[in-house]
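The next block is coords_26.txt, given as compact mmCIF, C-alpha atoms.
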# COMPACT_ATOMS: atom_id res chain seq x y z
CA MET D 935 -6.76 -16.90 -29.30
CA THR D 936 -2.99 -16.76 -29.90
CA SER D 937 -0.57 -16.17 -27.01
CA GLU D 938 0.00 -12.64 -28.23
CA GLU D 939 -3.71 -11.86 -28.45
CA ARG D 940 -4.24 -13.25 -24.94
CA PHE D 941 -1.35 -11.13 -23.65
CA GLN D 942 -2.75 -7.95 -25.20
CA ALA D 943 -6.28 -8.82 -24.00
CA LEU D 944 -5.01 -9.06 -20.41
CA ILE D 945 -3.29 -5.69 -20.74
CA ASP D 946 -6.32 -4.04 -22.35
CA ALA D 947 -8.50 -5.38 -19.51
CA GLU D 948 -6.16 -3.73 -16.93
CA GLU D 949 -5.09 -7.17 -15.69
CA LYS D 950 -1.50 -7.72 -14.59
CA ILE D 951 1.01 -9.87 -16.46
CA GLU D 952 2.69 -12.42 -14.16
CA PRO D 953 6.11 -14.08 -14.58
CA THR D 954 4.78 -17.42 -15.92
CA ASP D 955 2.62 -15.74 -18.59
CA TRP D 956 3.68 -15.66 -22.21
CA MET D 957 5.02 -12.22 -23.10
CA PRO D 958 6.54 -10.68 -26.24
CA GLU D 959 10.34 -10.62 -26.18
CA GLY D 960 10.29 -6.82 -26.52
CA TYR D 961 8.09 -6.48 -23.43
CA ARG D 962 10.46 -8.69 -21.43
CA LYS D 963 13.54 -6.81 -22.64
CA THR D 964 12.00 -3.39 -21.97
CA LEU D 965 11.11 -4.43 -18.43
CA ILE D 966 14.55 -5.90 -17.70
CA ARG D 967 16.18 -2.73 -18.96
CA GLN D 968 13.94 -0.45 -16.93
CA ILE D 969 13.78 -2.50 -13.71
CA ALA D 970 17.56 -3.09 -13.72
CA GLN D 971 18.23 0.63 -14.20
CA HIS D 972 15.69 1.44 -11.51
CA ALA D 973 17.35 -1.04 -9.09
CA HIS D 974 20.82 0.35 -9.87
CA SER D 975 19.46 3.88 -9.23
CA GLU D 976 18.27 2.92 -5.75
CA VAL D 977 21.62 1.35 -4.89
CA ILE D 978 23.80 4.14 -6.29
CA GLY D 979 21.36 6.61 -4.71
CA MET D 980 22.68 5.59 -1.29
CA GLN D 981 25.99 7.34 -1.99
CA PRO D 982 25.10 11.05 -2.18
CA GLU D 983 23.20 10.77 1.11
CA GLY D 984 25.51 8.27 2.80
CA ASN D 985 28.11 10.99 2.30
CA TRP D 986 26.41 13.03 5.06
CA ILE D 987 25.64 10.36 7.68
CA SER D 988 28.82 11.04 9.65
CA ARG D 989 28.23 14.80 9.49
CA ALA D 990 24.51 14.97 10.30
CA PRO D 991 24.00 17.89 12.74
CA THR D 992 22.11 15.91 15.42
CA LEU D 993 21.70 12.30 16.51
CA HIS D 994 18.03 12.50 15.46
CA ARG D 995 18.92 13.61 11.92
CA LYS D 996 21.62 10.94 11.75
CA ALA D 997 19.11 8.22 12.69
CA ILE D 998 16.64 9.50 10.06
CA LEU D 999 19.33 9.58 7.37
CA MET D 1000 20.52 6.07 8.20
CA ALA D 1001 16.94 4.77 8.03
CA LYS D 1002 16.49 6.46 4.66
CA VAL D 1003 19.70 5.07 3.20
CA GLN D 1004 18.72 1.62 4.48
CA ASP D 1005 15.35 2.01 2.71
CA GLU D 1006 17.17 2.75 -0.56
CA ALA D 1007 19.10 -0.51 -0.21
CA GLY D 1008 15.79 -2.29 0.42
CA HIS D 1009 14.25 -0.69 -2.66
CA GLY D 1010 17.17 -1.92 -4.71
CA LEU D 1011 16.56 -5.45 -3.41
CA TYR D 1012 12.81 -5.40 -4.18
CA LEU D 1013 13.61 -4.26 -7.70
CA TYR D 1014 16.36 -6.81 -8.35
CA SER D 1015 13.87 -9.48 -7.18
CA ALA D 1016 11.30 -8.16 -9.66
CA ALA D 1017 13.92 -8.27 -12.44
CA GLU D 1018 14.86 -11.85 -11.53
CA THR D 1019 11.29 -13.01 -12.21
CA LEU D 1020 12.12 -12.22 -15.86
CA GLY D 1021 14.96 -14.73 -15.95
CA VAL D 1022 18.01 -12.59 -15.23
CA LYS D 1023 20.34 -12.86 -12.25
CA ARG D 1024 20.90 -10.16 -9.69
CA ASP D 1025 24.62 -10.83 -9.42
CA GLU D 1026 24.99 -10.52 -13.17
CA LEU D 1027 22.97 -7.30 -13.37
CA GLN D 1028 25.17 -5.86 -10.65
CA GLU D 1029 28.29 -7.00 -12.47
CA LEU D 1030 27.04 -5.25 -15.62
CA LEU D 1031 26.64 -2.06 -13.58
CA HIS D 1032 30.20 -2.47 -12.31
CA MET D 1033 31.44 -2.97 -15.85
CA GLY D 1034 29.78 0.30 -16.88
CA LYS D 1035 27.38 -1.50 -19.23
CA HIS D 1036 24.27 -0.52 -17.32
CA LYS D 1037 23.15 2.96 -16.35
CA TYR D 1038 21.28 4.47 -13.43
CA SER D 1039 19.39 7.71 -13.01
CA SER D 1040 21.62 10.71 -13.81
CA ILE D 1041 20.45 12.61 -10.74
CA PHE D 1042 22.89 10.60 -8.62
CA ASN D 1043 25.81 11.94 -10.62
CA TYR D 1044 25.54 15.31 -8.88
CA PRO D 1045 27.47 15.93 -5.64
CA THR D 1046 25.95 16.68 -2.21
CA LEU D 1047 27.88 19.78 -1.15
CA SER D 1048 26.01 20.95 1.95
CA TRP D 1049 23.62 19.67 4.62
CA ALA D 1050 20.77 21.51 2.85
CA ASP D 1051 21.32 19.14 -0.08
CA ILE D 1052 20.06 16.28 2.10
CA GLY D 1053 16.74 18.05 2.67
CA THR D 1054 16.54 19.09 -0.97
CA ILE D 1055 17.13 15.54 -2.20
CA GLY D 1056 14.30 14.26 -0.01
CA TRP D 1057 11.97 17.02 -1.14
CA LEU D 1058 12.80 17.35 -4.86
CA VAL D 1059 14.54 14.14 -5.90
CA ASP D 1060 12.32 11.81 -3.90
CA GLY D 1061 9.36 14.01 -4.81
CA ALA D 1062 10.14 13.48 -8.50
CA ALA D 1063 10.67 9.77 -7.83
CA ILE D 1064 7.26 9.51 -6.15
CA THR D 1065 5.57 11.24 -9.09
CA ASN D 1066 6.97 8.57 -11.37
CA GLN D 1067 6.62 5.63 -9.01
CA VAL D 1068 2.98 6.31 -8.18
CA MET D 1069 2.37 5.96 -11.91
CA LEU D 1070 4.42 2.74 -11.94
CA THR D 1071 2.20 1.11 -9.29
CA ARG D 1072 -0.25 0.83 -12.20
CA CYS D 1073 2.36 -0.79 -14.46
CA SER D 1074 1.13 -3.92 -16.25
CA TYR D 1075 3.86 -6.21 -14.92
CA GLY D 1076 2.73 -7.65 -11.57
CA PRO D 1077 6.05 -8.00 -9.73
CA TYR D 1078 7.17 -4.48 -10.73
CA SER D 1079 3.84 -2.95 -9.78
CA ARG D 1080 3.83 -4.71 -6.38
CA GLY D 1081 7.38 -3.55 -5.68
CA MET D 1082 6.30 0.00 -6.43
CA VAL D 1083 3.46 -0.13 -3.91
CA ARG D 1084 5.91 -1.02 -1.14
CA ILE D 1085 8.41 1.58 -2.32
CA CYS D 1086 5.87 4.41 -2.54
CA LYS D 1087 4.84 3.93 1.10
CA GLU D 1088 8.45 4.37 2.17
CA GLU D 1089 9.20 7.24 -0.23
CA SER D 1090 6.59 9.32 1.50
CA PHE D 1091 8.77 9.27 4.62
CA HIS D 1092 11.75 10.28 2.47
CA GLN D 1093 10.03 13.27 0.99
CA ARG D 1094 8.47 14.51 4.23
CA GLN D 1095 11.64 14.26 6.30
CA GLY D 1096 13.47 16.24 3.57
CA TYR D 1097 10.85 18.97 3.44
CA GLU D 1098 10.75 19.21 7.23
CA LEU D 1099 14.53 19.51 7.30
CA LEU D 1100 14.27 22.47 4.91
CA ILE D 1101 11.52 24.11 6.96
CA ARG D 1102 13.89 24.07 9.94
CA LEU D 1103 16.74 25.53 7.87
CA CYS D 1104 14.52 28.21 6.35
CA GLN D 1105 13.31 29.24 9.82
CA GLY D 1106 16.91 29.39 11.02
CA SER D 1107 19.68 31.96 10.57
CA PRO D 1108 20.14 33.93 7.31
CA GLU D 1109 23.14 31.67 6.60
CA GLN D 1110 20.99 28.56 6.93
CA LYS D 1111 18.32 30.01 4.66
CA ALA D 1112 21.00 30.94 2.10
CA MET D 1113 22.30 27.38 2.26
CA ALA D 1114 18.79 26.09 1.45
CA GLN D 1115 18.48 28.55 -1.48
CA ASP D 1116 21.88 27.44 -2.79
CA ALA D 1117 20.70 23.81 -2.67
CA ILE D 1118 17.50 24.46 -4.64
CA ASP D 1119 19.57 26.51 -7.13
CA ARG D 1120 21.69 23.43 -7.84
CA TRP D 1121 19.03 20.68 -7.62
CA TRP D 1122 16.04 22.27 -9.36
CA TRP D 1123 17.05 21.68 -12.97
CA PRO D 1124 18.57 18.21 -12.45
CA SER D 1125 15.28 17.24 -10.71
CA LEU D 1126 13.27 18.36 -13.75
CA MET D 1127 15.70 16.40 -15.94
CA MET D 1128 14.78 13.25 -14.01
CA PHE D 1129 11.61 12.97 -16.09
CA GLY D 1130 13.64 12.40 -19.24
CA PRO D 1131 13.60 13.95 -22.72
CA HIS D 1132 10.57 15.67 -24.22
CA ASP D 1133 7.90 13.22 -25.38
CA SER D 1134 8.78 14.14 -28.97
CA ASP D 1135 12.39 12.94 -28.36
CA SER D 1136 11.57 9.91 -26.24
CA LEU D 1137 12.26 6.73 -28.14
CA HIS D 1138 10.46 4.19 -25.97
CA THR D 1139 7.47 6.13 -24.75
CA GLU D 1140 4.91 5.04 -27.32
CA GLN D 1141 5.56 1.31 -27.10
CA SER D 1142 5.87 1.41 -23.31
CA MET D 1143 2.55 3.25 -23.08
CA SER D 1144 0.74 0.68 -25.24
CA TRP D 1145 2.15 -2.11 -23.06
CA LYS D 1146 1.14 -0.08 -20.01
CA ILE D 1147 4.65 -0.27 -18.59
CA LYS D 1148 4.53 3.51 -18.58
CA ARG D 1149 1.17 5.17 -17.99
CA VAL D 1150 1.90 8.89 -18.22
CA SER D 1151 4.31 10.67 -20.58
CA ASN D 1152 7.56 12.38 -19.49
CA ASP D 1153 6.28 15.91 -20.15
CA ASP D 1154 2.98 15.31 -18.33
CA LEU D 1155 4.79 13.90 -15.29
CA ARG D 1156 7.22 16.83 -15.30
CA GLN D 1157 4.31 19.29 -15.38
CA GLN D 1158 2.62 17.43 -12.50
CA PHE D 1159 5.83 17.70 -10.50
CA VAL D 1160 6.30 21.44 -11.15
CA ASP D 1161 2.66 22.18 -10.27
CA MET D 1162 3.01 20.28 -7.02
CA THR D 1163 6.40 21.70 -6.05
CA VAL D 1164 6.20 25.45 -6.72
CA PRO D 1165 3.71 26.16 -3.89
CA GLN D 1166 5.91 24.07 -1.56
CA ALA D 1167 8.91 26.25 -2.50
CA GLU D 1168 6.82 29.37 -1.83
CA TYR D 1169 5.97 28.11 1.65
CA LEU D 1170 9.69 27.71 2.34
CA GLY D 1171 10.40 31.15 0.93
CA LEU D 1172 12.78 29.65 -1.63
CA VAL D 1173 12.87 30.67 -5.28
CA PRO D 1174 13.40 28.08 -8.03
CA PRO D 1175 16.17 29.30 -10.39
CA ASP D 1176 13.91 29.79 -13.40
CA PRO D 1177 13.00 33.34 -14.57
CA ASP D 1178 10.31 31.87 -16.85
CA LEU D 1179 8.46 30.11 -14.04
CA ARG D 1180 4.98 31.57 -13.59
CA TRP D 1181 1.38 30.49 -13.12
CA ASN D 1182 -0.60 30.32 -16.35
CA PRO D 1183 -4.29 30.72 -15.45
CA GLU D 1184 -5.39 29.76 -18.96
CA ARG D 1185 -3.65 26.40 -18.86
CA GLY D 1186 -4.22 25.93 -15.14
CA HIS D 1187 -0.54 24.99 -14.85
CA TYR D 1188 2.81 26.61 -14.19
CA ASP D 1189 4.81 27.56 -17.28
CA PHE D 1190 8.51 26.94 -16.92
CA GLY D 1191 11.73 27.44 -18.86
CA GLU D 1192 13.63 25.06 -21.12
CA ILE D 1193 15.94 22.45 -19.66
CA ASP D 1194 19.61 22.60 -20.66
CA TRP D 1195 19.49 19.49 -22.83
CA GLU D 1196 23.21 19.63 -23.54
CA GLU D 1197 23.90 19.14 -19.86
CA PHE D 1198 21.25 16.43 -19.73
CA TRP D 1199 22.88 14.34 -22.47
CA ARG D 1200 26.38 15.01 -21.16
CA VAL D 1201 25.47 13.42 -17.80
CA VAL D 1202 23.50 10.55 -19.39
CA LYS D 1203 26.56 9.75 -21.49
CA GLY D 1204 28.71 9.43 -18.38
CA ASN D 1205 30.32 12.87 -18.12
CA GLY D 1206 28.50 14.34 -15.13
CA PRO D 1207 30.37 15.62 -12.07
CA MET D 1208 30.26 12.29 -10.20
CA ASN D 1209 29.74 9.47 -12.76
CA ARG D 1210 33.18 7.88 -12.34
CA ASP D 1211 33.26 8.24 -8.55
CA ARG D 1212 29.87 6.60 -8.10
CA VAL D 1213 30.72 3.43 -9.99
CA GLU D 1214 34.22 3.23 -8.54
CA HIS D 1215 32.83 3.53 -5.04
CA LYS D 1216 30.20 0.85 -5.75
CA VAL D 1217 32.83 -1.58 -7.01
CA ARG D 1218 35.07 -0.86 -4.03
CA ALA D 1219 32.21 -1.46 -1.57
CA TRP D 1220 31.41 -4.78 -3.27
CA GLU D 1221 35.05 -5.90 -3.20
CA ASP D 1222 35.59 -4.75 0.39
CA GLY D 1223 32.52 -6.75 1.42
CA ALA D 1224 33.74 -9.99 -0.15
CA TRP D 1225 34.95 -11.39 3.18
CA VAL D 1226 31.48 -10.95 4.72
CA ARG D 1227 29.86 -12.92 1.92
CA GLU D 1228 32.54 -15.60 2.11
CA ALA D 1229 32.14 -15.86 5.88
CA ALA D 1230 28.34 -16.17 5.58
CA THR D 1231 28.70 -18.95 3.02
CA ALA D 1232 31.32 -20.78 5.11
CA HIS D 1233 29.15 -20.45 8.21
CA ALA D 1234 26.11 -21.86 6.39
CA GLU D 1235 28.15 -24.81 5.08
CA LYS D 1236 29.60 -25.52 8.50
CA ARG D 1237 26.16 -25.50 10.11
CA ALA D 1238 24.69 -27.70 7.37
CA GLY D 1239 27.59 -30.13 7.92
CA ARG D 1240 26.93 -30.22 11.66
CA LYS D 1241 23.24 -30.93 11.06
CA ALA D 1242 24.09 -33.81 8.68
CA ALA D 1243 26.57 -35.36 11.16
CA MET Y 686 11.41 10.34 -12.91
CA THR Y 687 12.16 8.06 -15.75
CA TYR Y 688 13.99 4.96 -14.67
CA ASP Y 689 14.33 3.92 -18.26
CA VAL Y 690 17.55 5.90 -18.71
CA PRO Y 691 17.27 7.71 -22.05
CA VAL Y 692 19.21 6.39 -25.00
CA ALA Y 693 21.69 9.00 -26.16
CA PRO Y 694 21.74 9.70 -29.90
CA GLY Y 695 23.97 7.10 -31.56
CA GLU Y 696 23.74 4.64 -28.66
CA SER Y 697 22.11 1.22 -28.87
CA ALA Y 698 18.75 0.92 -27.10
CA GLU Y 699 19.55 -2.69 -26.20
CA ILE Y 700 21.32 -3.39 -22.95
CA GLU Y 701 23.13 -6.54 -21.99
CA GLU Y 702 21.22 -8.86 -19.68
CA THR Y 703 23.94 -11.31 -18.78
CA THR Y 704 27.68 -11.33 -18.27
CA GLY Y 705 27.73 -14.83 -19.75
CA THR Y 706 29.72 -15.96 -16.72
CA ASP Y 707 26.76 -17.52 -14.86
CA LEU Y 708 27.93 -16.02 -11.56
CA GLU Y 709 26.93 -18.36 -8.80
CA GLY Y 710 25.12 -16.38 -6.13
CA TRP Y 711 23.23 -17.54 -3.04
CA PRO Y 712 19.97 -19.45 -3.51
CA MET Y 713 16.67 -17.58 -3.58
CA TRP Y 714 14.07 -17.71 -0.83
CA GLU Y 715 10.41 -16.70 -0.91
CA VAL Y 716 9.27 -14.61 2.05
CA PHE Y 717 5.82 -14.87 3.67
CA VAL Y 718 4.68 -12.47 6.38
CA ARG Y 719 1.74 -12.64 8.81
CA ALA Y 720 0.77 -8.97 9.15
CA ARG Y 721 -1.10 -9.51 12.45
CA ARG Y 722 -2.61 -12.29 14.52
CA GLY Y 723 -5.69 -13.90 13.02
CA ILE Y 724 -4.71 -13.72 9.37
CA SER Y 725 -2.65 -15.99 7.11
CA HIS Y 726 0.93 -15.51 6.04
CA VAL Y 727 1.02 -13.71 2.70
CA HIS Y 728 3.79 -13.78 0.10
CA ILE Y 729 5.64 -10.48 0.27
CA GLY Y 730 8.73 -10.97 -1.90
CA SER Y 731 11.95 -12.87 -2.27
CA LEU Y 732 15.63 -12.57 -1.39
CA HIS Y 733 18.98 -14.33 -1.61
CA ALA Y 734 20.70 -15.95 1.37
CA PRO Y 735 23.15 -18.79 2.03
CA ASP Y 736 20.85 -20.57 4.54
CA ALA Y 737 17.45 -20.38 6.24
CA GLU Y 738 18.67 -18.57 9.32
CA THR Y 739 20.36 -15.82 7.31
CA ALA Y 740 17.32 -15.68 5.03
CA LEU Y 741 15.13 -14.98 8.07
CA GLU Y 742 17.48 -12.29 9.32
CA ASN Y 743 17.57 -10.66 5.89
CA ALA Y 744 13.78 -10.95 5.55
CA ARG Y 745 13.40 -9.06 8.81
CA ASP Y 746 15.66 -6.26 7.53
CA VAL Y 747 14.28 -6.09 4.01
CA TYR Y 748 10.55 -6.64 4.54
CA THR Y 749 9.63 -5.74 8.13
CA ARG Y 750 11.39 -2.47 8.92
CA ARG Y 751 8.11 -0.80 9.91
CA GLY Y 752 6.30 -3.41 11.92
CA GLU Y 753 4.76 -5.07 8.85
CA GLY Y 754 4.59 -8.49 10.46
CA VAL Y 755 4.30 -10.59 13.60
CA SER Y 756 5.62 -13.78 11.96
CA VAL Y 757 7.88 -14.48 9.00
CA TRP Y 758 8.35 -17.66 6.94
CA VAL Y 759 11.11 -18.26 4.40
CA VAL Y 760 10.91 -21.10 1.88
CA PRO Y 761 13.55 -22.06 -0.69
CA SER Y 762 12.13 -20.85 -4.03
CA GLU Y 763 13.05 -24.11 -5.73
CA GLN Y 764 10.86 -26.02 -3.24
CA ILE Y 765 7.70 -24.34 -4.51
CA SER Y 766 5.58 -26.34 -6.94
CA ALA Y 767 3.07 -24.34 -8.91
CA PHE Y 768 -0.15 -24.86 -10.84
CA GLU Y 769 -1.78 -22.22 -13.03
CA PRO Y 770 -5.53 -22.96 -13.01
CA GLU Y 771 -6.19 -20.28 -15.62
CA ALA Y 772 -4.27 -22.30 -18.17
CA ALA Y 773 -6.05 -25.58 -17.38
CA SER Y 774 -9.25 -26.62 -19.17
CA GLU Y 775 -10.68 -28.35 -16.05
CA TYR Y 776 -10.66 -24.95 -14.32
CA VAL Y 777 -12.79 -23.42 -17.04
CA GLU Y 778 -15.21 -26.36 -16.73
CA ALA Y 779 -15.40 -25.89 -12.97
CA ASN Y 780 -16.44 -22.29 -13.55
CA GLU Y 781 -19.34 -23.52 -15.68
CA LYS Y 782 -20.79 -25.49 -12.74
CA VAL Y 783 -22.84 -22.53 -11.57
CA TYR Y 784 -24.96 -24.74 -9.29
CA ARG Y 785 -21.97 -24.59 -6.91
CA LEU Y 786 -22.75 -20.94 -6.23
CA ALA Y 787 -25.16 -19.94 -3.46
CA THR Y 788 -26.45 -17.00 -5.47
CA THR Y 789 -27.98 -19.24 -8.16
CA TYR Y 790 -30.76 -20.38 -5.76
CA ASP Y 791 -33.89 -18.22 -5.48
CA ILE Y 792 -35.29 -18.01 -1.97
CA PRO Y 793 -38.70 -16.29 -1.61
CA GLU Y 794 -38.55 -12.91 0.06
CA GLU Y 795 -41.01 -13.87 2.82
CA VAL Y 796 -38.54 -16.52 4.03
CA GLY Y 797 -36.18 -13.71 4.97
CA GLN Y 798 -32.43 -13.59 5.09
CA MET Y 799 -30.74 -16.93 4.37
Turn the structure described in the file into structure tokens.
Amino acid sequence: MTSEERFQALIDAEEKIEPTDWMPEGYRKTLIRQIAQHAHSEVIGMQPEGNWISRAPTLHRKAILMAKVQDEAGHGLYLYSAAETLGVKRDELQELLHMGKHKYSSIFNYPTLSWADIGTIGWLVDGAAITNQVMLTRCSYGPYSRGMVRICKEESFHQRQGYELLIRLCQGSPEQKAMAQDAIDRWWWPSLMMFGPHDSDSLHTEQSMSWKIKRVSNDDLRQQFVDMTVPQAEYLGLVPPDPDLRWNPERGHYDFGEIDWEEFWRVVKGNGPMNRDRVEHKVRAWEDGAWVREAATAHAEKRAGRKAA
Amino acid sequence: MTYDVPVAPGESAEIEETTGTDLEGWPMWEVFVRARRGISHVHIGSLHAPDAETALENARDVYTRRGEGVSVWVVPSEQISAFEPEAASEYVEANEKVYRLATTYDIPEEVGQM
């Protein structure tokens, strides 16, 4: 059996590929690309929510939001670790993000304008993330799949706290309910865009599916998400901004309208409302934190020196 | 959600994997957590830190935010030596020694549970 045949046999048998296994260069490259972008998304994803920590309406909500943002940082770390098993360095991946050579999920290039956005992000954005990440727990690459299992457990908290926040708003004053409706009006379509282009326009899907990096296609995941979310919106009394959205009893699924693909590509290409701010802020945070890293290194050296003496 | 950010028409599907500068970060540590008393420490992930003490502090923050463990070990990744039995012929031979397995011995039913 050649290395390649053994690799494919493991995948066909639903076994995981581990870092020391032989793997095709394309498999390695695809994983690095995807895991790096996933890690960057978690890290940049701290910004839209971090924006509201100082303005959370109660101490309880502030504590929840801080815990959630801390989780996102943790998710970034699990994912960078998974990427490093493929022979790349975290510091270099981060540098490539700072240089604008790597991307992250476009959803984080939209601004968080009101407190209702925080609930809506938990419900819709994390809900979409869970739909994808549950699939990724079955990914063929061991370290990525294991990272996803940890992440999915924590994402459930993210989604539930967001939905509960919206329940409170929707049971509140007419102004609060209107704020929640305004948030879903702005986040609905970008959330559907999170699943990527149509399968017919998705370059990597076929190869990624045969390597079992990806297990379900973009359009199927998007449909799953819509089917799951519409009844949740109904419970809240909120209306997704899509006149074509309706239950189709023949298909057993919700039909929904077409995504504005022009907007989709505009944001992917770097021209969304917040693309420049997000990367600038990330670079600034890294530079402002330099003294902490230097102090930690100096402290470790000093202590090692004392031990040796 | 697709984390494989779509390639815009006209863009290259390849992304850079290195800055070529070989940035020197902190060393990597492997983290092992004992979930509760009575069971072994299990590998849970890895992280970067300048020394063992900081690695332990970071491990607590990164891997045990929800009471996942009662004890944490950190080990410098470069200190781990590995062996892959699957790739070794002696492992395959060991699997052929079926007489090592309890289930290959027939015990009459009247003897009862053994």
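Considering only C-alpha atoms, the residue among Y:Ile729, Y:Val759, Y:Ile792, Y:Ile765 positioned nearest to chain D is Y:Ile729.
The part of chain D that reaches within 6 Å of chain Y is made up of Gln968, His972, Gly1008, Glu1026, Ala1062, Ala1063, Asn1066, Met1128, Phe1129, Gly1130, Thr1231 and Ala1234 of chain D, counting all atoms listed in the file.
Proximity to His974 of chain D was assessed for D:Gly1010, D:Gly1239, D:Gly1081, D:Gly1206 counting only C-alpha atoms; the smallest distance is recorded for D:Gly1010.
Take atom CA of Tyr1097 of chain D and atom CA of Gly1056 of chain D: the distance between them is 6.8 Å.
The shell of residues at most 12 Å from Glu959 of chain D, with only C-alpha atoms counted and near chain neighbours (fewer than 4 positions) removed, consists of Glu938, Phe941, Asp955, Lys963, Thr964, Leu965, Ile966, Leu1020 and Gly1021 of chain D.
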Next item on the list: Considering all atoms listed in the file, return as number ranges by chain whatever protein or nucleic-acid residues lie within 12 Å of segment 993-996 of chain D, sequence-local ones (same chain, fewer than 2 positions apart) excluded.
Entry: D: 983-991, 998-1003, 1049, 1052-1053, 1095-1096, 1098-1099, 1102
Next item on the list: Extract, using all atoms listed in the file, all DNA, RNA and protein residues at most 9 Å from Arg1024 of chain D, discarding same-chain residues fewer than 3 positions from it, and format them as a VMD selection string.
Entry: (chain D and resid 970 1011 1014 to 1015 1017 to 1018 1027 to 1029) or (chain Y and resid 710)
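Atom CA of Ser1039 of chain D to atom CA of Ser1090 of chain D spans 19.4 Å [interatomic distance, one decimal].
The gap separating atom CA of Trp1057 of chain D from atom CA of Arg1094 of chain D is 6.9 Å, in Å to one decimal.
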Next item on the list: Excluding Val1173 of chain D and residues on its chain fewer than 4 positions from it, collect all residues at most 9 Å away from it, counting only C-alpha atoms, and give them as a PyMOL selection string.
Entry: chain D and resi 1115+1118-1119+1164+1167-1168
Notebook entry, point to check: Pick from D:Lys1111, D:Trp1195, D:Val977, D:Gly1061: nearest to Asp1135 of chain D, with only C-alpha atoms counted?
Noted result: D:Trp1195
